[in-house]
$ cat protein_11.txt   # compact mmCIF, C-alpha atoms
# COMPACT_ATOMS: atom_id res chain seq x y z
CA MET A 1 75.94 -129.98 211.79
CA ASN A 2 75.65 -126.65 213.60
CA ILE A 3 75.89 -123.06 212.43
CA TYR A 4 76.68 -120.49 215.13
CA SER A 5 76.44 -116.73 215.65
CA LYS A 6 77.20 -114.43 218.57
CA TYR A 7 75.58 -111.11 219.50
CA ARG A 8 76.43 -108.62 222.25
CA ASN A 9 73.93 -106.31 223.90
CA THR A 10 75.77 -102.99 223.79
CA GLY A 11 72.74 -100.96 224.85
CA GLN A 12 70.42 -100.94 227.84
CA SER A 13 69.11 -104.02 229.62
CA VAL A 14 66.58 -106.00 227.59
CA SER A 15 63.79 -108.38 228.57
CA SER A 16 63.47 -110.35 225.34
CA VAL A 17 65.00 -110.94 221.94
CA THR A 18 63.15 -111.18 218.63
CA VAL A 19 64.78 -113.42 216.03
CA SER A 20 63.84 -114.02 212.42
CA TYR A 21 65.64 -115.87 209.64
CA ASP A 22 65.02 -117.74 206.41
CA VAL A 23 65.77 -121.39 205.73
CA GLU A 24 66.54 -121.87 202.03
CA LYS A 25 66.65 -125.07 199.99
CA TYR A 26 69.44 -125.49 197.42
CA ARG A 27 69.27 -129.22 196.53
CA ASN A 28 66.76 -132.05 196.85
CA GLY A 29 67.28 -134.88 199.31
CA ASN A 30 65.69 -138.32 199.25
CA ASN A 31 66.22 -139.50 202.83
CA SER A 32 62.83 -140.92 203.85
CA ASN A 33 62.93 -139.09 207.21
CA GLY A 34 63.31 -135.60 205.75
CA PHE A 35 65.52 -132.93 207.30
CA ARG A 36 65.10 -130.11 209.77
CA ILE A 37 66.74 -126.96 211.07
CA GLN A 38 66.25 -126.29 214.80
CA MET A 39 67.47 -123.11 216.49
CA TYR A 40 69.03 -123.12 219.98
CA TYR A 41 70.21 -120.25 222.19
CA SER A 42 72.72 -119.73 224.98
CA LYS A 43 74.02 -116.89 227.13
CA ASN A 44 77.44 -118.47 227.65
CA GLY A 45 78.12 -120.55 224.52
CA ARG A 46 78.20 -123.80 226.55
CA ASP A 47 74.70 -124.43 227.92
CA TRP A 48 72.13 -124.54 225.13
CA THR A 49 68.32 -124.35 225.15
CA GLU A 50 66.09 -125.45 222.28
CA ALA A 51 64.17 -122.38 221.07
CA GLY A 52 60.95 -124.36 220.52
CA GLY A 53 58.76 -125.44 217.64
CA ILE A 54 58.37 -121.97 216.16
CA PHE A 55 62.11 -122.13 215.37
CA ARG A 56 61.97 -125.64 213.87
CA THR A 57 61.74 -125.92 210.08
CA HIS A 58 61.06 -129.38 208.60
CA PHE A 59 61.39 -130.42 204.96
CA ASP A 60 59.74 -133.62 203.71
CA PRO A 61 61.83 -135.97 201.56
CA ASP A 62 62.07 -135.57 197.81
CA THR A 63 62.07 -138.41 195.30
CA ASP A 64 65.61 -137.61 194.10
CA MET A 65 68.84 -135.83 195.03
CA ASN A 66 68.90 -133.55 192.03
CA GLY A 67 70.24 -130.05 191.94
CA LEU A 68 67.64 -127.39 191.29
CA PRO A 69 67.29 -125.23 188.18
CA GLU A 70 66.80 -122.10 190.28
CA VAL A 71 68.01 -121.64 193.83
CA PRO A 72 66.85 -121.28 196.40
CA SER A 73 63.90 -123.37 195.28
CA GLU A 74 62.07 -122.80 198.54
CA THR A 75 62.36 -120.30 201.39
CA ARG A 76 60.66 -120.67 204.76
CA THR A 77 60.77 -117.94 207.39
CA ALA A 78 61.01 -118.62 211.12
CA ALA A 79 60.34 -115.76 213.54
CA GLY A 80 59.47 -115.25 217.16
CA THR A 81 60.37 -113.65 220.46
CA LEU A 82 62.40 -115.37 223.17
CA SER A 83 62.11 -114.28 226.82
CA ILE A 84 65.84 -113.89 227.38
CA PRO A 85 66.86 -111.03 229.66
CA LEU A 86 70.26 -109.56 228.82
CA GLU A 87 72.17 -106.91 230.71
CA ARG A 88 74.44 -104.40 228.98
CA ASN A 89 77.52 -106.15 227.50
CA GLU A 90 76.02 -109.66 227.93
CA ASP A 91 76.27 -112.03 224.99
CA LEU A 92 73.65 -114.07 223.18
CA TYR A 93 74.66 -117.09 221.13
CA LEU A 94 72.42 -118.65 218.52
CA ALA A 95 72.94 -122.06 216.92
CA TRP A 96 71.06 -123.73 214.10
CA ASN A 97 71.25 -127.52 214.08
CA TYR A 98 70.81 -129.17 210.69
CA SER A 99 69.91 -132.85 210.96
CA VAL A 100 67.79 -135.69 209.68
CA SER A 101 64.30 -135.33 211.22
CA SER A 102 64.44 -138.76 212.89
CA ASP A 103 66.90 -141.66 213.05
CA SER A 104 70.62 -141.00 212.62
CA ASN A 105 71.20 -141.98 208.99
CA CYS A 106 71.84 -138.70 207.20
CA SER A 107 72.42 -140.11 203.70
CA GLY A 108 70.41 -138.48 200.94
CA ALA A 109 70.73 -135.05 202.56
CA MET A 110 69.21 -131.88 201.19
CA ALA A 111 71.28 -128.72 200.89
CA LEU A 112 69.72 -126.19 203.26
CA GLY A 113 71.03 -122.78 204.25
CA ILE A 114 70.29 -119.99 206.74
CA ASP A 115 69.90 -116.42 205.42
CA ASN A 116 68.55 -113.00 206.39
CA VAL A 117 69.09 -113.38 210.15
CA GLU A 118 67.67 -110.46 212.14
CA VAL A 119 68.07 -110.10 215.91
CA THR A 120 66.30 -107.34 217.83
CA PHE A 121 66.88 -106.64 221.54
CA ASN A 122 63.61 -105.57 223.21
CA ARG A 123 63.43 -103.41 226.34
$ encode --input "protein_11.txt" --output "structure tokens"
Amino acid sequence: MNIYSKYRNTGQSVSSVTVSYDVEKYRNGNNSNGFRIQMYYSKNGRDWTEAGGIFRTHFDPDTDMNGLPEVPSETRTAAGTLSIPLERNEDLYLAWNYSVSSDSNCSGAMALGIDNVEVTFNR
């Protein structure tokens, strides 16, 4: 599953983009491979580049699939700067891929969410 967002540089040309966001856990998941959120970026919405390990958040498996008494039960922040030059009125697309960490069997999935996204264009 992917979650997408689009941003437009309405100011001056920039040399990089700083991105930060939280990954929040809302339900346990007992898939033995665990789950991950990986961020990708694109300047055209078609050709995507993995943003690297700093933007990969992995959750180990739980022993059950129970709901949680208080949510989110866990919040992990991912943050970093990407060397993506953008001219005035160019777009930046971000995508977060939510998947099982290995294999393709996604049964026993956790409920994870993305929150508090901040994008800063750097000159």
$ residues_around --input "protein_11.txt" --residues "A:Pro61" --least-positions-apart "2" --cutoff "12 Å" --atoms "all atoms listed in the file" --output "PyMOL selection string"
chain A and resi 27-36+58-59+63-65+100-102+106-111
$ residues_around --input "protein_11.txt" --residues "A:Tyr7" --least-positions-apart "5" --cutoff "7 Å" --atoms "only C-alpha atoms" --output "PyMOL selection string"
chain A and resi 91-93
$ axis_aligned_box --input "protein_11.txt" --around "stretch 99-112 of chain A" --padding-each-side "3 Å" --output "AutoDock Vina command-line options"
--center_x 68.4 --center_y -134.1 --center_z 207.0 --size_x 14.1 --size_y 21.8 --size_z 18.2
$ residues_around --input "protein_11.txt" --residues "A:Phe55" --least-positions-apart "3" --cutoff "7 Å" --atoms "all atoms listed in the file" --output "list in words"
Gln38, Met39, Ala51, Gly52, Ala78 and Ala79 of chain A
$ atom_distance --input "protein_11.txt" --atom1 "atom CA of A:Trp48" --atom2 "atom CA of A:Asn9"
18.4 Å
$ closest_residue --input "protein_11.txt" --among "A:Ile37, A:Ile54, A:Val23, A:Ile3" --to "A:Thr81" --atoms "all atoms listed in the file"
A:Ile54
$ atom_distance --input "protein_11.txt" --atom1 "atom CA of A:Gly113" --atom2 "atom CA of A:Thr18"
20.1 Å
$ closest_residue --input "protein_11.txt" --among "A:Pro85, A:Pro69, A:Gly45, A:Gly80" --to "A:Tyr4" --atoms "only C-alpha atoms"
A:Gly45
$ atom_distance --input "protein_11.txt" --atom1 "atom CA of A:Ser73" --atom2 "atom CA of A:Leu112"
10.3 Å
$ closest_residue --input "protein_11.txt" --among "A:Thr120, A:Ile114, A:Val71, A:Val14" --to "A:Tyr98" --atoms "all atoms listed in the file"
A:Ile114
$ closest_residue --input "protein_11.txt" --among "A:Arg88, A:Lys25, A:Arg8, A:Lys43" --to "A:Thr57" --atoms "only C-alpha atoms"
A:Lys25
$ residues_around --input "protein_11.txt" --residues "A:Gly11" --least-positions-apart "4" --cutoff "9 Å" --atoms "all atoms listed in the file" --output "list in words"
Glu87, Arg88, Asn89 and Phe121 of chain A
